[in-house]
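Down below is the structure, laid out as structure tokens.
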Amino acid sequence: MPHDTHVRVRLATADDRPLMDHLWLMFRHDMSEFSCVTPGPDGTFRSDRLEAAFADADRVPYLLTAGQHPVGLAFVRGLAGPVRVLNSFFVVRGARGAGVGLRAVRDVLARHPGPWEVAFQDDNAPAVRFWRRVAREVAGDAWTEEHRPVPGRPELPPDAWIALHVTAPGTR
């Protein structure tokens with residue numbers, strides 16, 4: 001972990017795209033354990049969510065840094081809809097366990113007050129603990145969890161979805 005454990009969340013720009021491509025590859029590699037997906041012939045994974053995060057006005061990409069070091073990414077979708085979805089969230093392995101992910105996700109959620117949903121896989125034990133902790137810390141007891149089929153992937157077990165509401169800073 002970089003010595004500076006203070007995480008900074010900022011909007012990713014077109015100039016950040018090469019860096020975000022690298023982070024995306026690491027994220028997809030980590031997730032391949034749970035999605036049973038392997039890289040394509042060129043060694044990369046599907047990047048439609050990455051592309052959409054930069055191209056779709058209803059989505060926004062965030063870069064997570066600690067000092068000068070990139071430590072993760074977050075993609076939000078549903079900005080114009082009734083519910084925001086944390087479409088992708090990733091912290092590099094070397095930055096995990098130091099509170100970076102929790103601080104980063106709280107920052108991202110606070111930027112878009114209102115209803116939120118986030119999905120994860122039950123067999124990803126660290127994600128299960130992390131997202132339930134996020135829900136408790138952000139929403140107290142006012143959150144729900146349900147299972148939904150993975151669209152277009154009937155061979156996979158259903159994803160777990162947490163729903164919670166984020167209030168604007170300074171309101172209750």
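Residues are referred to by chain and number: the chain letter is A, B, ... according to the order shown in the structure tokens, the number counts from 1 in that chain, and ligands are numbered separately from 1 in the order shown.
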
Please provide as a JSON list (two decimals) with N, CA and C atoms, in the first residue's frame all residues within 12 Å of A:His22, with the sequence filter that same-chain residues fewer than 2 positions apart are discarded (counting only C-alpha atoms).
```
[["chain", "number", "residue", "atom", "x", "y", "z"],
["A", 16, "ASP", "N", -7.36, 10.32, -18.41],
["A", 16, "ASP", "CA", -7.17, 9.19, -17.51],
["A", 16, "ASP", "C", -7.48, 7.85, -18.17],
["A", 17, "ARG", "N", -7.96, 7.89, -19.40],
["A", 17, "ARG", "CA", -8.44, 6.66, -20.04],
["A", 17, "ARG", "C", -7.40, 5.54, -20.07],
["A", 18, "PRO", "N", -6.13, 5.78, -20.45],
["A", 18, "PRO", "CA", -5.17, 4.67, -20.43],
["A", 18, "PRO", "C", -5.02, 4.05, -19.04],
["A", 19, "LEU", "N", -5.00, 4.86, -18.01],
["A", 19, "LEU", "CA", -4.91, 4.38, -16.64],
["A", 19, "LEU", "C", -6.15, 3.58, -16.27],
["A", 20, "MET", "N", -7.32, 4.09, -16.63],
["A", 20, "MET", "CA", -8.56, 3.40, -16.33],
["A", 20, "MET", "C", -8.64, 2.06, -17.07],
["A", 24, "TRP", "N", -9.26, -1.33, -15.18],
["A", 24, "TRP", "CA", -10.36, -2.17, -15.63],
["A", 24, "TRP", "C", -9.89, -3.61, -15.85],
["A", 25, "LEU", "N", -8.74, -3.77, -16.47],
["A", 25, "LEU", "CA", -8.20, -5.10, -16.72],
["A", 25, "LEU", "C", -7.96, -5.85, -15.40],
["A", 26, "MET", "N", -7.42, -5.13, -14.40],
["A", 26, "MET", "CA", -7.21, -5.76, -13.09],
["A", 26, "MET", "C", -8.54, -6.13, -12.45],
["A", 27, "PHE", "N", -9.52, -5.25, -12.54],
["A", 27, "PHE", "CA", -10.85, -5.51, -11.98],
["A", 27, "PHE", "C", -11.47, -6.74, -12.63],
["A", 28, "ARG", "N", -11.46, -6.77, -13.94],
["A", 28, "ARG", "CA", -12.08, -7.89, -14.65],
["A", 28, "ARG", "C", -11.35, -9.20, -14.36],
["A", 29, "HIS", "N", -10.03, -9.12, -14.21],
["A", 29, "HIS", "CA", -9.26, -10.30, -13.84],
["A", 29, "HIS", "C", -9.73, -10.82, -12.47],
["A", 44, "THR", "N", -7.53, -9.31, -23.35],
["A", 44, "THR", "CA", -8.34, -8.34, -22.63],
["A", 44, "THR", "C", -9.74, -8.91, -22.38],
["A", 45, "PHE", "N", -10.46, -8.27, -21.48],
["A", 45, "PHE", "CA", -11.83, -8.65, -21.17],
["A", 45, "PHE", "C", -12.78, -7.67, -21.84],
["A", 47, "SER", "N", -15.14, -4.74, -22.43],
["A", 47, "SER", "CA", -15.01, -3.43, -21.80],
["A", 47, "SER", "C", -16.21, -2.53, -22.06],
["A", 50, "LEU", "N", -16.83, -0.11, -19.24],
["A", 50, "LEU", "CA", -15.79, 0.93, -19.26],
["A", 50, "LEU", "C", -16.10, 1.96, -20.34],
["A", 63, "LEU", "N", -11.97, 7.88, -10.57],
["A", 63, "LEU", "CA", -10.65, 7.34, -10.33],
["A", 63, "LEU", "C", -10.35, 7.49, -8.85],
["A", 70, "PRO", "N", -2.60, 5.28, -8.33],
["A", 70, "PRO", "CA", -3.97, 4.85, -8.62],
["A", 70, "PRO", "C", -4.27, 3.63, -7.77],
["A", 71, "VAL", "N", -5.41, 3.63, -7.09],
["A", 71, "VAL", "CA", -5.76, 2.49, -6.24],
["A", 71, "VAL", "C", -7.12, 1.89, -6.58],
["A", 72, "GLY", "N", -7.83, 2.45, -7.57],
["A", 72, "GLY", "CA", -9.10, 1.83, -7.92],
["A", 72, "GLY", "C", -9.96, 2.67, -8.83],
["A", 73, "LEU", "N", -11.16, 2.17, -9.05],
["A", 73, "LEU", "CA", -12.13, 2.85, -9.90],
["A", 73, "LEU", "C", -13.53, 2.60, -9.37],
["A", 90, "PHE", "N", -13.78, -1.11, -7.66],
["A", 90, "PHE", "CA", -12.57, -1.92, -7.56],
["A", 90, "PHE", "C", -11.49, -1.16, -6.81],
["A", 92, "VAL", "N", -7.37, -1.92, -5.84],
["A", 92, "VAL", "CA", -6.26, -2.83, -6.09],
["A", 92, "VAL", "C", -5.92, -3.60, -4.82]]
```

Each residue of stretch 56-93 of chain A lying at most 8 Å from stretch 6-9 of chain A should get a row with its shortest atom-to-atom pair and the distance in Å to one decimal, counting only C-alpha atoms; could you produce that, ordered by chain and increasing number, as JSON lines?
```
{"residue": "A:Tyr62", "atom": "CA", "partner": "A:Val9", "partner_atom": "CA", "distance": 6.4}
{"residue": "A:Leu63", "atom": "CA", "partner": "A:Val9", "partner_atom": "CA", "distance": 5.8}
{"residue": "A:Leu64", "atom": "CA", "partner": "A:Val9", "partner_atom": "CA", "distance": 4.8}
{"residue": "A:Thr65", "atom": "CA", "partner": "A:Arg8", "partner_atom": "CA", "distance": 5.2}
{"residue": "A:Ala66", "atom": "CA", "partner": "A:Val7", "partner_atom": "CA", "distance": 4.7}
{"residue": "A:Gly67", "atom": "CA", "partner": "A:His6", "partner_atom": "CA", "distance": 7.2}
```

I need the chosen residues saved as an mmCIF file, in the first residue's frame, with N, CA and C atoms.
```
data_model
loop_
_atom_site.group_PDB
_atom_site.id
_atom_site.type_symbol
_atom_site.label_atom_id
_atom_site.label_comp_id
_atom_site.auth_asym_id
_atom_site.auth_seq_id
_atom_site.Cartn_x
_atom_site.Cartn_y
_atom_site.Cartn_z
ATOM 1 N N TYR A 62 -15.200 7.259 -11.901
ATOM 2 C CA TYR A 62 -14.362 7.887 -10.890
ATOM 3 C C TYR A 62 -13.042 7.130 -10.783
ATOM 4 N N LEU A 63 -11.974 7.881 -10.572
ATOM 5 C CA LEU A 63 -10.650 7.335 -10.330
ATOM 6 C C LEU A 63 -10.352 7.487 -8.847
ATOM 7 N N LEU A 64 -9.847 6.424 -8.228
ATOM 8 C CA LEU A 64 -9.481 6.441 -6.816
ATOM 9 C C LEU A 64 -7.965 6.469 -6.731
ATOM 10 N N THR A 65 -7.423 7.409 -5.947
ATOM 11 C CA THR A 65 -5.980 7.503 -5.787
ATOM 12 C C THR A 65 -5.617 7.621 -4.312
ATOM 13 N N ALA A 66 -4.392 7.228 -3.991
ATOM 14 C CA ALA A 66 -3.802 7.433 -2.663
ATOM 15 C C ALA A 66 -2.434 8.039 -2.950
ATOM 16 N N GLY A 67 -2.268 9.301 -2.600
ATOM 17 C CA GLY A 67 -1.048 10.003 -2.989
ATOM 18 C C GLY A 67 -1.012 10.091 -4.502
#
```

Nearest residue to A:Arg10 out of A:Pro41, A:Pro61, A:Pro115, A:Gly78, using only C-alpha atoms?
A:Pro61

Could you give me, as a ChimeraX atom specification, each residue of stretch 38-99 of chain A that DSSP assigns to strand (DSSP E) when run on this structure's backbone?
/A:59-66,69-77,84-91

Do a neighbour search on A:Val166 at 10 Å with only C-alpha atoms, toss out local chain neighbours closer than 4 positions, and write the hits as a list in words.
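Answer for this query is Arg106, Leu109, Ala110, Arg111, His112, Pro113, Gly114, Pro115, Trp116, Ala135, Val138, Ala139 and Arg172 of chain A.
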
Show me, as a ChimeraX atom specification, the residues that have an atom within 12 Å of A:Arg136 when counting only C-alpha atoms, minus same-chain residues fewer than 4 positions from it.
/A:102,106,129-132,140-145,162-166

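The gap separating atom CA of A:Phe120 from atom CA of A:Thr167 is 22.7 Å, in Å to one decimal.
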